[in-house]
Every structure is written in C-alpha cells, then in structure tokens.
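To be precise, the following lines are protein03.pdb, and they hold PDB, C-alpha atoms and all ligand atoms.
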```
ATOM      1  CA  MET A   1     -36.474   3.177  51.242
ATOM      2  CA  LEU A   2     -34.407   0.974  48.945
ATOM      3  CA  LEU A   3     -32.960   3.734  46.714
ATOM      4  CA  GLU A   4     -32.990   6.777  49.017
ATOM      5  CA  ASN A   5     -31.305   9.723  47.227
ATOM      6  CA  LYS A   6     -29.811   7.466  44.562
ATOM      7  CA  VAL A   7     -29.595   8.836  41.023
ATOM      8  CA  VAL A   8     -31.123   6.519  38.435
ATOM      9  CA  ILE A   9     -31.022   6.689  34.632
ATOM     10  CA  VAL A  10     -33.809   4.869  32.771
ATOM     11  CA  THR A  11     -33.627   4.538  28.987
ATOM     12  CA  GLY A  12     -36.985   4.172  27.293
ATOM     13  CA  GLY A  13     -38.513   5.605  30.446
ATOM     14  CA  SER A  14     -41.475   7.456  29.002
ATOM     15  CA  ARG A  15     -43.799   4.495  28.526
ATOM     16  CA  GLY A  16     -44.396   0.847  29.371
ATOM     17  CA  ILE A  17     -41.832  -1.003  31.448
ATOM     18  CA  GLY A  18     -39.388   1.930  31.540
ATOM     19  CA  ARG A  19     -42.031   4.287  32.894
ATOM     20  CA  ALA A  20     -42.852   1.764  35.614
ATOM     21  CA  ILE A  21     -39.145   1.442  36.464
ATOM     22  CA  ALA A  22     -38.788   5.223  36.738
ATOM     23  CA  LEU A  23     -41.810   5.484  39.041
ATOM     24  CA  ALA A  24     -40.816   2.479  41.167
ATOM     25  CA  CYS A  25     -37.340   3.943  41.675
ATOM     26  CA  ALA A  26     -38.808   7.319  42.624
ATOM     27  CA  ARG A  27     -41.160   5.646  45.093
ATOM     28  CA  GLU A  28     -38.061   4.118  46.690
ATOM     29  CA  GLY A  29     -36.475   7.555  47.062
ATOM     30  CA  ALA A  30     -34.471   7.990  43.843
ATOM     31  CA  HIS A  31     -34.092  10.969  41.518
ATOM     32  CA  VAL A  32     -34.495   9.923  37.911
ATOM     33  CA  ALA A  33     -33.186  10.874  34.455
ATOM     34  CA  ILE A  34     -35.487   9.587  31.742
ATOM     35  CA  ASN A  35     -34.374   8.971  28.173
ATOM     36  CA  TYR A  36     -36.935   8.474  25.422
ATOM     37  CA  TRP A  37     -37.174   8.654  21.619
ATOM     38  CA  GLY A  38     -39.388   8.340  18.603
ATOM     39  CA  GLU A  39     -42.495   9.895  20.072
ATOM     40  CA  ASN A  40     -42.817  12.821  17.727
ATOM     41  CA  ASP A  41     -45.523  11.354  15.589
ATOM     42  CA  ALA A  42     -49.045  12.378  16.390
ATOM     43  CA  SER A  43     -50.031   8.979  17.739
ATOM     44  CA  TYR A  44     -47.648   9.420  20.687
ATOM     45  CA  HIS A  45     -48.645  13.038  21.441
ATOM     46  CA  LYS A  46     -45.088  14.348  21.459
ATOM     47  CA  ARG A  47     -43.592  14.796  24.922
ATOM     48  CA  SER A  48     -46.866  14.281  26.709
ATOM     49  CA  ALA A  49     -45.952  10.764  27.815
ATOM     50  CA  VAL A  50     -42.615  11.809  29.232
ATOM     51  CA  GLU A  51     -44.044  14.990  30.723
ATOM     52  CA  THR A  52     -46.625  12.904  32.536
ATOM     53  CA  VAL A  53     -43.887  10.741  34.041
ATOM     54  CA  LEU A  54     -41.971  13.847  35.119
ATOM     55  CA  ASP A  55     -45.122  15.135  36.851
ATOM     56  CA  GLU A  56     -45.748  11.776  38.505
ATOM     57  CA  ILE A  57     -42.213  11.685  39.878
ATOM     58  CA  GLY A  58     -42.525  15.272  41.076
ATOM     59  CA  ALA A  59     -45.716  14.316  42.898
ATOM     60  CA  LEU A  60     -43.714  11.645  44.731
ATOM     61  CA  GLY A  61     -41.394  14.386  46.003
ATOM     62  CA  ARG A  62     -38.453  13.344  43.815
ATOM     63  CA  ARG A  63     -36.674  15.191  41.031
ATOM     64  CA  ALA A  64     -36.660  14.092  37.412
ATOM     65  CA  ILE A  65     -35.302  15.250  34.077
ATOM     66  CA  ALA A  66     -36.083  14.070  30.553
ATOM     67  CA  VAL A  67     -33.389  13.667  27.912
ATOM     68  CA  GLU A  68     -34.571  12.912  24.392
ATOM     69  CA  GLY A  69     -32.227  10.823  22.257
ATOM     70  CA  ASP A  70     -31.893   7.727  20.129
ATOM     71  CA  VAL A  71     -29.919   5.152  22.138
ATOM     72  CA  SER A  72     -28.560   3.582  18.960
ATOM     73  CA  GLN A  73     -26.324   6.659  18.665
ATOM     74  CA  PRO A  74     -23.241   6.583  20.914
ATOM     75  CA  ALA A  75     -23.497  10.353  21.481
ATOM     76  CA  THR A  76     -26.912   9.876  23.112
ATOM     77  CA  ALA A  77     -25.320   7.830  25.887
ATOM     78  CA  THR A  78     -22.601  10.353  26.706
ATOM     79  CA  GLU A  79     -25.067  13.235  26.582
ATOM     80  CA  LEU A  80     -27.535  11.375  28.811
ATOM     81  CA  VAL A  81     -24.881  10.724  31.445
ATOM     82  CA  ALA A  82     -23.502  14.284  31.220
ATOM     83  CA  LYS A  83     -26.973  15.828  31.631
ATOM     84  CA  THR A  84     -27.725  13.521  34.552
ATOM     85  CA  VAL A  85     -24.500  14.534  36.293
ATOM     86  CA  ASP A  86     -25.253  18.210  35.569
ATOM     87  CA  ALA A  87     -28.669  17.843  37.176
ATOM     88  CA  PHE A  88     -27.965  15.486  40.059
ATOM     89  CA  GLY A  89     -24.180  15.305  40.495
ATOM     90  CA  ARG A  90     -23.708  11.586  39.942
ATOM     91  CA  VAL A  91     -25.119   8.294  38.590
ATOM     92  CA  ASP A  92     -25.789   5.348  40.913
ATOM     93  CA  VAL A  93     -28.045   3.116  38.837
ATOM     94  CA  LEU A  94     -28.646   2.538  35.135
ATOM     95  CA  ALA A  95     -31.780   0.770  33.942
ATOM     96  CA  SER A  96     -30.960   0.060  30.288
ATOM     97  CA  ASN A  97     -34.441  -0.620  29.028
ATOM     98  CA  ALA A  98     -35.142   1.091  25.683
ATOM     99  CA  GLY A  99     -36.112  -1.375  22.986
ATOM    100  CA  ILE A 100     -38.224  -1.977  19.909
ATOM    101  CA  CYS A 101     -39.890  -5.063  18.503
ATOM    102  CA  PRO A 102     -41.298  -4.470  15.021
ATOM    103  CA  PHE A 103     -42.852  -7.873  14.340
ATOM    104  CA  HIS A 104     -41.854  -9.148  10.884
ATOM    105  CA  ALA A 105     -41.560 -12.456   9.034
ATOM    106  CA  PHE A 106     -38.028 -13.776   8.486
ATOM    107  CA  LEU A 107     -37.810 -14.631   4.785
ATOM    108  CA  ASP A 108     -38.627 -11.162   3.513
ATOM    109  CA  MET A 109     -37.249  -9.064   6.354
ATOM    110  CA  PRO A 110     -35.807  -5.815   5.001
ATOM    111  CA  PRO A 111     -32.185  -5.287   6.106
ATOM    112  CA  LYS A 112     -33.181  -1.935   7.587
ATOM    113  CA  VAL A 113     -35.625  -3.534  10.037
ATOM    114  CA  PHE A 114     -32.959  -5.984  11.175
ATOM    115  CA  GLU A 115     -30.249  -3.326  11.425
ATOM    116  CA  THR A 116     -32.389  -0.841  13.348
ATOM    117  CA  THR A 117     -33.553  -3.477  15.822
ATOM    118  CA  VAL A 118     -29.991  -4.574  16.531
ATOM    119  CA  ALA A 119     -28.745  -0.976  16.724
ATOM    120  CA  VAL A 120     -31.409   0.136  19.213
ATOM    121  CA  ASN A 121     -31.719  -2.964  21.376
ATOM    122  CA  LEU A 122     -28.130  -4.210  21.550
ATOM    123  CA  GLY A 123     -26.084  -1.206  20.399
ATOM    124  CA  GLY A 124     -28.120   1.080  22.654
ATOM    125  CA  ALA A 125     -27.589  -1.147  25.688
ATOM    126  CA  PHE A 126     -23.867  -1.348  24.952
ATOM    127  CA  TYR A 127     -23.275   2.397  24.599
ATOM    128  CA  VAL A 128     -25.343   3.472  27.569
ATOM    129  CA  THR A 129     -23.822   0.801  29.797
ATOM    130  CA  GLN A 130     -20.343   1.925  28.749
ATOM    131  CA  ALA A 131     -21.074   5.620  29.396
ATOM    132  CA  ALA A 132     -22.747   5.004  32.773
ATOM    133  CA  ALA A 133     -19.996   2.608  33.873
ATOM    134  CA  ASN A 134     -17.293   5.170  33.092
ATOM    135  CA  GLN A 135     -19.124   7.704  35.270
ATOM    136  CA  MET A 136     -19.557   5.161  38.081
ATOM    137  CA  LYS A 137     -15.886   4.204  37.863
ATOM    138  CA  ALA A 138     -14.885   7.887  38.132
ATOM    139  CA  GLN A 139     -17.113   8.283  41.210
ATOM    140  CA  GLY A 140     -15.245   5.385  42.801
ATOM    141  CA  ASP A 141     -18.000   3.868  44.921
ATOM    142  CA  GLY A 142     -19.633   1.328  42.628
ATOM    143  CA  GLY A 143     -23.077   1.212  41.085
ATOM    144  CA  ALA A 144     -25.734  -1.048  39.637
ATOM    145  CA  ILE A 145     -26.748  -1.679  36.042
ATOM    146  CA  VAL A 146     -29.941  -3.585  35.260
ATOM    147  CA  ALA A 147     -30.742  -4.300  31.618
ATOM    148  CA  THR A 148     -34.126  -5.301  30.271
ATOM    149  CA  SER A 149     -33.456  -8.508  28.374
ATOM    150  CA  SER A 150     -36.414 -10.833  27.768
ATOM    151  CA  ILE A 151     -37.735 -14.361  27.947
ATOM    152  CA  SER A 152     -36.900 -14.051  24.236
ATOM    153  CA  ALA A 153     -33.221 -14.403  25.114
ATOM    154  CA  LEU A 154     -34.059 -18.051  25.860
ATOM    155  CA  VAL A 155     -36.822 -18.958  23.403
ATOM    156  CA  GLY A 156     -37.619 -18.085  19.813
ATOM    157  CA  GLY A 157     -40.351 -16.251  17.958
ATOM    158  CA  GLY A 158     -41.092 -16.787  14.273
ATOM    159  CA  MET A 159     -41.898 -13.084  13.807
ATOM    160  CA  GLN A 160     -39.006 -12.026  16.054
ATOM    161  CA  THR A 161     -35.908 -13.455  14.329
ATOM    162  CA  HIS A 162     -34.311 -10.012  14.356
ATOM    163  CA  TYR A 163     -35.387  -9.307  17.963
ATOM    164  CA  THR A 164     -34.641 -12.442  19.976
ATOM    165  CA  PRO A 165     -30.881 -12.351  19.197
ATOM    166  CA  THR A 166     -30.729  -8.790  20.549
ATOM    167  CA  LYS A 167     -32.267  -9.906  23.819
ATOM    168  CA  ALA A 168     -29.812 -12.829  24.082
ATOM    169  CA  GLY A 169     -27.123 -10.237  23.362
ATOM    170  CA  VAL A 170     -28.285  -7.951  26.160
ATOM    171  CA  HIS A 171     -28.207 -10.880  28.596
ATOM    172  CA  SER A 172     -24.693 -11.776  27.433
ATOM    173  CA  LEU A 173     -23.609  -8.122  27.657
ATOM    174  CA  MET A 174     -24.591  -8.029  31.334
ATOM    175  CA  GLN A 175     -22.722 -11.281  32.015
ATOM    176  CA  SER A 176     -19.506  -9.991  30.447
ATOM    177  CA  CYS A 177     -19.853  -6.535  32.006
ATOM    178  CA  ALA A 178     -20.303  -8.178  35.412
ATOM    179  CA  ILE A 179     -16.745  -9.468  34.960
ATOM    180  CA  ALA A 180     -15.336  -6.302  33.381
ATOM    181  CA  LEU A 181     -16.892  -3.987  35.989
ATOM    182  CA  GLY A 182     -16.749  -6.152  39.127
ATOM    183  CA  PRO A 183     -13.378  -4.656  40.120
ATOM    184  CA  TYR A 184     -15.121  -1.249  40.278
ATOM    185  CA  LYS A 185     -17.964  -2.670  42.422
ATOM    186  CA  ILE A 186     -20.398  -2.108  39.577
ATOM    187  CA  ARG A 187     -22.983  -4.904  39.518
ATOM    188  CA  CYS A 188     -24.581  -5.894  36.193
ATOM    189  CA  ASN A 189     -27.733  -7.971  35.953
ATOM    190  CA  SER A 190     -30.692  -8.414  33.663
ATOM    191  CA  VAL A 191     -34.400  -8.974  33.954
ATOM    192  CA  MET A 192     -36.146 -11.229  31.475
ATOM    193  CA  PRO A 193     -39.790 -10.185  31.217
ATOM    194  CA  GLY A 194     -42.300 -12.586  29.705
ATOM    195  CA  THR A 195     -45.301 -11.051  27.966
ATOM    196  CA  ILE A 196     -46.047  -7.690  29.531
ATOM    197  CA  ALA A 197     -48.960  -5.664  28.168
ATOM    198  CA  THR A 198     -47.494  -2.436  26.727
ATOM    199  CA  ASP A 199     -47.536  -0.443  23.494
ATOM    200  CA  LEU A 200     -44.803  -2.778  22.205
ATOM    201  CA  ASN A 201     -47.186  -5.699  21.761
ATOM    202  CA  ALA A 202     -50.568  -3.945  21.715
ATOM    203  CA  ASP A 203     -51.151  -4.876  18.053
ATOM    204  CA  ASP A 204     -49.929  -8.423  18.537
ATOM    205  CA  LEU A 205     -52.220  -8.956  21.526
ATOM    206  CA  SER A 206     -55.196  -7.150  20.011
ATOM    207  CA  SER A 207     -56.537 -10.475  18.801
ATOM    208  CA  PRO A 208     -58.561 -11.992  21.677
ATOM    209  CA  GLU A 209     -57.428 -15.487  20.569
ATOM    210  CA  LYS A 210     -53.747 -14.605  20.849
ATOM    211  CA  LYS A 211     -54.253 -12.903  24.210
ATOM    212  CA  SER A 212     -56.142 -15.817  25.692
ATOM    213  CA  TYR A 213     -53.562 -18.237  24.237
ATOM    214  CA  PHE A 214     -50.880 -16.439  26.279
ATOM    215  CA  GLU A 215     -53.062 -16.296  29.379
ATOM    216  CA  ARG A 216     -53.607 -20.058  29.162
ATOM    217  CA  ARG A 217     -49.859 -20.654  28.826
ATOM    218  CA  ILE A 218     -48.923 -18.516  31.842
ATOM    219  CA  PRO A 219     -49.177 -20.533  35.082
ATOM    220  CA  LEU A 220     -50.001 -17.399  37.095
ATOM    221  CA  GLY A 221     -52.937 -16.874  34.734
ATOM    222  CA  ARG A 222     -52.456 -13.340  33.495
ATOM    223  CA  LEU A 223     -50.245 -11.193  31.278
ATOM    224  CA  GLY A 224     -47.544  -9.253  33.074
ATOM    225  CA  ARG A 225     -47.884  -5.632  34.103
ATOM    226  CA  PRO A 226     -45.012  -3.147  33.796
ATOM    227  CA  ASP A 227     -44.802  -2.817  37.589
ATOM    228  CA  ASP A 228     -44.253  -6.598  37.896
ATOM    229  CA  VAL A 229     -40.939  -6.013  36.123
ATOM    230  CA  ALA A 230     -40.140  -2.664  37.726
ATOM    231  CA  ASP A 231     -40.221  -4.051  41.267
ATOM    232  CA  VAL A 232     -37.637  -6.677  40.307
ATOM    233  CA  VAL A 233     -35.436  -3.989  38.730
ATOM    234  CA  VAL A 234     -35.608  -2.034  42.016
ATOM    235  CA  PHE A 235     -34.525  -5.146  43.904
ATOM    236  CA  LEU A 236     -31.551  -5.762  41.591
ATOM    237  CA  ALA A 237     -30.576  -2.077  41.745
ATOM    238  CA  SER A 238     -30.753  -1.964  45.526
ATOM    239  CA  ASP A 239     -28.438  -3.080  48.257
ATOM    240  CA  LEU A 240     -30.688  -6.088  48.879
ATOM    241  CA  ALA A 241     -28.924  -7.538  45.812
ATOM    242  CA  ARG A 242     -25.439  -6.427  46.912
ATOM    243  CA  TYR A 243     -23.889  -9.851  46.152
ATOM    244  CA  VAL A 244     -25.793 -10.441  42.902
ATOM    245  CA  THR A 245     -23.988  -9.757  39.641
ATOM    246  CA  GLY A 246     -24.076 -11.460  36.243
ATOM    247  CA  ALA A 247     -27.525 -12.845  37.021
ATOM    248  CA  ALA A 248     -30.706 -12.899  34.959
ATOM    249  CA  LEU A 249     -34.163 -13.066  36.516
ATOM    250  CA  LEU A 250     -37.170 -14.276  34.564
ATOM    251  CA  VAL A 251     -40.255 -12.181  35.358
ATOM    252  CA  ASP A 252     -42.795 -14.116  33.316
ATOM    253  CA  GLY A 253     -45.472 -15.612  35.564
ATOM    254  CA  GLY A 254     -43.948 -19.026  34.850
ATOM    255  CA  LEU A 255     -44.368 -18.859  31.056
ATOM    256  CA  PHE A 256     -40.869 -20.160  30.279
ATOM    257  CA  VAL A 257     -41.126 -23.370  32.299
ATOM    258  CA  ASN A 258     -44.597 -24.285  31.070
ATOM    259  CA  LEU A 259     -43.947 -27.116  28.622
ATOM    260  CA  GLN A 260     -47.092 -29.131  29.415
TER     261      GLN A 260
HETATM  262  N1  LIG B 301     -43.592  -5.707  26.584
HETATM  263  C1  LIG B 301     -43.090  -6.929  26.697
HETATM  264  O1  LIG B 301     -43.800  -7.949  26.708
HETATM  265  C2  LIG B 301     -41.613  -7.103  26.844
HETATM  266  C3  LIG B 301     -40.721  -6.072  26.676
HETATM  267  N2  LIG B 301     -39.380  -6.317  26.825
HETATM  268  C4  LIG B 301     -38.417  -5.245  26.682
HETATM  269  O2  LIG B 301     -38.749  -4.202  27.569
HETATM  270  C5  LIG B 301     -38.261  -2.981  27.056
HETATM  271  C6  LIG B 301     -39.355  -1.934  27.111
HETATM  272  O3  LIG B 301     -40.434  -2.405  26.319
HETATM  273  P1  LIG B 301     -41.926  -1.858  26.488
HETATM  274  O4  LIG B 301     -42.050  -1.073  27.717
HETATM  275  O5  LIG B 301     -42.794  -3.023  26.308
HETATM  276  O6  LIG B 301     -42.028  -0.924  25.202
HETATM  277  P2  LIG B 301     -42.827   0.426  24.922
HETATM  278  O7  LIG B 301     -42.961   0.457  23.453
HETATM  279  O8  LIG B 301     -44.017   0.537  25.784
HETATM  280  O9  LIG B 301     -41.794   1.582  25.377
HETATM  281  C7  LIG B 301     -40.591   1.717  24.701
HETATM  282  C8  LIG B 301     -39.779   2.845  25.282
HETATM  283  O10 LIG B 301     -38.520   2.860  24.604
HETATM  284  C9  LIG B 301     -38.298   4.153  24.071
HETATM  285  N3  LIG B 301     -37.548   4.017  22.823
HETATM  286  C10 LIG B 301     -37.899   3.378  21.684
HETATM  287  N4  LIG B 301     -36.917   3.476  20.770
HETATM  288  C11 LIG B 301     -35.917   4.192  21.353
HETATM  289  C12 LIG B 301     -34.640   4.626  20.919
HETATM  290  N5  LIG B 301     -34.181   4.362  19.698
HETATM  291  N6  LIG B 301     -33.886   5.346  21.791
HETATM  292  C13 LIG B 301     -34.349   5.661  23.036
HETATM  293  N7  LIG B 301     -35.549   5.260  23.501
HETATM  294  C14 LIG B 301     -36.316   4.525  22.661
HETATM  295  C15 LIG B 301     -39.645   4.798  23.897
HETATM  296  O11 LIG B 301     -39.508   6.222  23.933
HETATM  297  C16 LIG B 301     -40.394   4.226  25.113
HETATM  298  O12 LIG B 301     -40.106   5.000  26.251
HETATM  299  C17 LIG B 301     -37.748  -3.278  25.644
HETATM  300  O13 LIG B 301     -36.335  -3.410  25.697
HETATM  301  C18 LIG B 301     -38.381  -4.611  25.316
HETATM  302  O14 LIG B 301     -37.603  -5.361  24.419
HETATM  303  C19 LIG B 301     -38.894  -7.540  27.163
HETATM  304  C20 LIG B 301     -39.746  -8.581  27.326
HETATM  305  C21 LIG B 301     -41.159  -8.454  27.188
HETATM  306  C1  LIG B 302     -43.190  -7.988  22.100
HETATM  307  C2  LIG B 302     -43.497  -9.341  22.709
HETATM  308  O1  LIG B 302     -44.851  -9.489  22.849
HETATM  309  C3  LIG B 302     -42.882  -9.434  24.057
HETATM  310  O2  LIG B 302     -41.563  -8.953  24.000
HETATM  311  C4  LIG B 302     -40.735  -9.910  24.336
HETATM  312  O3  LIG B 302     -39.564  -9.722  24.546
HETATM  313  C5  LIG B 302     -41.398 -11.193  24.421
HETATM  314  O4  LIG B 302     -41.235 -11.858  23.218
HETATM  315  C6  LIG B 302     -42.797 -10.804  24.665
HETATM  316  O5  LIG B 302     -43.706 -11.725  24.243
END
```
Show this structure as structure tokens.
Amino acid sequence: MLLENKVVIVTGGSRGIGRAIALACAREGAHVAINYWGENDASYHKRSAVETVLDEIGALGRRAIAVEGDVSQPATATELVAKTVDAFGRVDVLASNAGICPFHAFLDMPPKVFETTVAVNLGGAFYVTQAAANQMKAQGDGGAIVATSSISALVGGGMQTHYTPTKAGVHSLMQSCAIALGPYKIRCNSVMPGTIATDLNADDLSSPEKKSYFERRIPLGRLGRPDDVADVVVFLASDLARYVTGAALLVDGGLFVNLQ
C-alpha cells in the first residue's frame, strides 16, 4: 500500500474531490483527519456528508476524525493539526483542498464575494500549509503537501475573475513552499484539475449545452470524476513521488492543450 499507516489531513474532505482524496488515501492504508465547513444549511444535511465519509473510511479498516472549521481562519489550521496529532500522534501528508467558486460577473462583483473567495482558497491554503509544515518539521522526518490548484491557474474564466487568481496563488504557494520546506524534506506539489463534476459546478453544468460543450472540448471525452484527481494526489503524497517537489500536474483529460 502506498500510504500504509500514514496520517493524512484533507481540508474540504466531506464532499467532492476532498472526499475522494480521503477515501483514496484510506484505501492506500492511511488514517485521515477531515476538515469541512459551511454545511449547516438544510441543503447539505448538516454533518451527514462528513459522517458518511467517516463511515466509509471505517469500513476500509482505517481510522478517521472530522474537524469542522473555516480554513480562512488561521485558528482553524492550528486546531486541525492539534486535533490530528491528538488522535493519531503525527501528520505525514496534507491535502490542502478546501475551496469555493461562487460564479459571478466581474463588473458588479461585491467586494465581499471577492474577499471571501481569496480568504478561503488562498488564505486557507496558506494557513493550513504553514501549520502542517511546522508539525512535520517538529517530527523531523519530512512529509508531503499536495494542494488542489486548478486548470484555472493557467486559463481564465469570465465568471471566475475572483477565483482564478486564487488558484494561480495556490500553485505559486506550493512552488515557494517547495523551496522553503525542502531543507526539512517536506515536498510541496499541486494538482490542477480540469472540470470535475461536483457540487461546486453542479449549477454551472446543469445546462445540457454547457455540459456537452465541455465534453466536446475534452480530448478524453468526458468530465472528470473526483477519483481521477484523488489518485494523482495519492501518487504525489506517496514515496513514488519522492523526488518530486514544486511540481504541478494537470488532471484535466487534455482540456488545457485543446486549442483546435
Ligand atoms: N470541481 C471542479 O471542477 C474543480 C475543483 N477544483 C478545486 O477543488 C477543490 C474542491 O472542490 P470540489 O470538490 O469541486 O468542491 P465541493 O463544493 O464539492 O466541496 C468543497 C469542500 O470544501 C469544504 N469547504 C468549503 N468552504 C470551506 C471553508 N471555508 N473551510 C473549510 N472547508 C470548506 C466543504 O465542506 C466541502 O468539503 C476546490 O479547491 C476547488 O477550487 C479545482 C479544479 C476543478
Ligand atoms: C467550478 C469550475 O467548474 C471548475 O473549477 C475550476 O477550477 C475550473 O474552472 C473548473 O471548470
């Protein structure tokens, strides 16, 4: 198994790509701490999503805890790491994945939408990476951090002017942290998913025209699934990628390169 007895933190691990990362890590032998937030409105059936993931990990014979908290708050990161160490004794891998993408036009974007998107997507990645790296440094035997960036770090979106810069920022954060944390044998990489069908874009892809537009643009002929991304995160977290740091891997079915 690629992550036998490793301890993995996944932010935004209750649904979508983060849930798939948590399950893929558990399948490879890891114990998992799952952070999540913002699921207390009725449409998300509070805690049921994360409780389901906890059950699924338990069924795989691995241990899991859930830690609720908004990653845009620095205290969430320190609490998440402290609770993980309380439960499992250490942290080997961080999957910094939590993110939001409230689609909005540029010219009338309310400052609050911009500020919240930056705070969650970039601020959250910064604080949790910092907290996990300090724990890994104290342990003294390295670690792996894999951030969920996006194809949107490389290309624009007219309804994503607040979002795409955060994903470029996450990619850049991993590059700089690869340098800052290399001396502690902590590897830092990112994945860049293309269009993966999750709650994040369910509204956007609810139009059959938009969905089939994407499918036509993707050389592999289908939207991504969360596990397409999760398996790449496992690879980057594992010893198979022991000499990989500061890298970014597109996981997009070829969408990015498809000019014509
Ligand atoms: N779905 C897609 O096509 C793509 C998604 N991504 C990125 O993948 C990551 C996960 O996205 P999805 O799984 O699609 O989204 P999702 O909406 O299915 O799940 C989001 C997760 O993040 C958590 N979350 C939201 N706000 C939070 C906060 N303030 N603090 C802590 N947790 C929070 C939620 O509890 C949930 O677990 C995001 O960073 C997103 O930008 C990147 C490229 C493509
Ligand atoms: C939410 C979008 O559909 C999704 O997220 C991203 O990062 C890319 O822009 C995808 O298309």
| message | Given the PyMOL selection byres (((not hetatm)) within 8 of (chain B and resi 301)) and the file above, list the residues it selects as a PyMOL selection string. | response | chain A and resi 11-19+35-39+50+68-72+96-101+120-121+124+148-152+163+167+192-201+224+226
| said: Here's the selection I'm unsure about, the PyMOL selection byres (((chain A and resi 204-217) around 9) and not hetatm); applied to the file above, which residues does it give, as an MDAnalysis selection string? | reply: chainID A and resid 103 195 197 200:203 218:223 254:255 258:260
| field | Result set of the PyMOL selection byres (((chain A and resi 29) around 8) and not hetatm) on the coordinates above, as a VMD selection string | value | chain A and resid 1 to 6 25 to 28 30 to 31 62
| query | Using only C-alpha atoms, which of the listed residues (A:Leu80, A:Ala20, A:Ala75, A:Val7) sits closest to Asp231 of chain A? | reply |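 Counting only C-alpha atoms, the residue closest to Asp231 of chain A is A:Ala20.
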| said: Just the number, please: distance in Å from atom CA of Lys112 of chain A to atom CA of Met159 of chain A, one decimal. | reply: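 Between atom CA of Lys112 of chain A and atom CA of Met159 of chain A the gap works out to 15.5 Å.
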Centre and edges of the segment 89-104 of chain A box, axis-aligned, 6 Å extra per side, as JSON:
```
{"center_x": -33.3, "center_y": 3.1, "center_z": 25.9, "size_x": 31.1, "size_y": 36.5, "size_z": 42.0}
```
| field | Interatomic distance (Å, one decimal) between atom CA of Met174 of chain A and atom CA of Lys83 of chain A | value | 24.0 Å
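As for atom CA of Pro165 of chain A and atom CA of Ala105 of chain A, they are spaced 14.7 Å apart.
Considering only C-alpha atoms, the residue among A:Val81, A:Thr52, A:Ala87, A:Tyr184 positioned nearest to Ile65 of chain A is A:Ala87.
Comparing the minimum interatomic distances between ligand LIG 302 (chain B) and each of A:Ala133, A:Ala147, A:Ala33, A:Ala153, counting only C-alpha atoms and all ligand atoms, we find that A:Ala153 sits nearest.
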| Counting all atoms listed in the file, which of A:Leu236, A:Val10, A:Leu94, A:Leu154 gets nearest to Gly169 of chain A? |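 So, comparing all the options, the nearest one is A:Leu154.
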| field | Distance query Gly142 of chain A at most 6 Å, all atoms listed in the file, self and fewer than 4 positions along chain excluded, as a ChimeraX atom specification | value | /A:136,184-186
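Considering the residues A:Val93, A:Gly58, A:Ala22, A:Asp86 and counting all atoms listed in the file, Val229 of chain A has its shortest atom-to-atom contact with A:Ala22.
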| Selected residue of minimal separation from Tyr243 of chain A among A:Cys177, A:Cys188, A:Val32, A:Val91, counting only C-alpha atoms |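 With only C-alpha atoms as the atom set, the closest residue is A:Cys188.
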| What residues have an atom no more than 12 Å from (-24.8, -6.7, 42.3) in the file's own frame, counting only C-alpha atoms, and can you write them as a VMD selection string? | chain A and resid 93 142 to 146 174 to 175 177 to 179 181 to 190 233 to 248
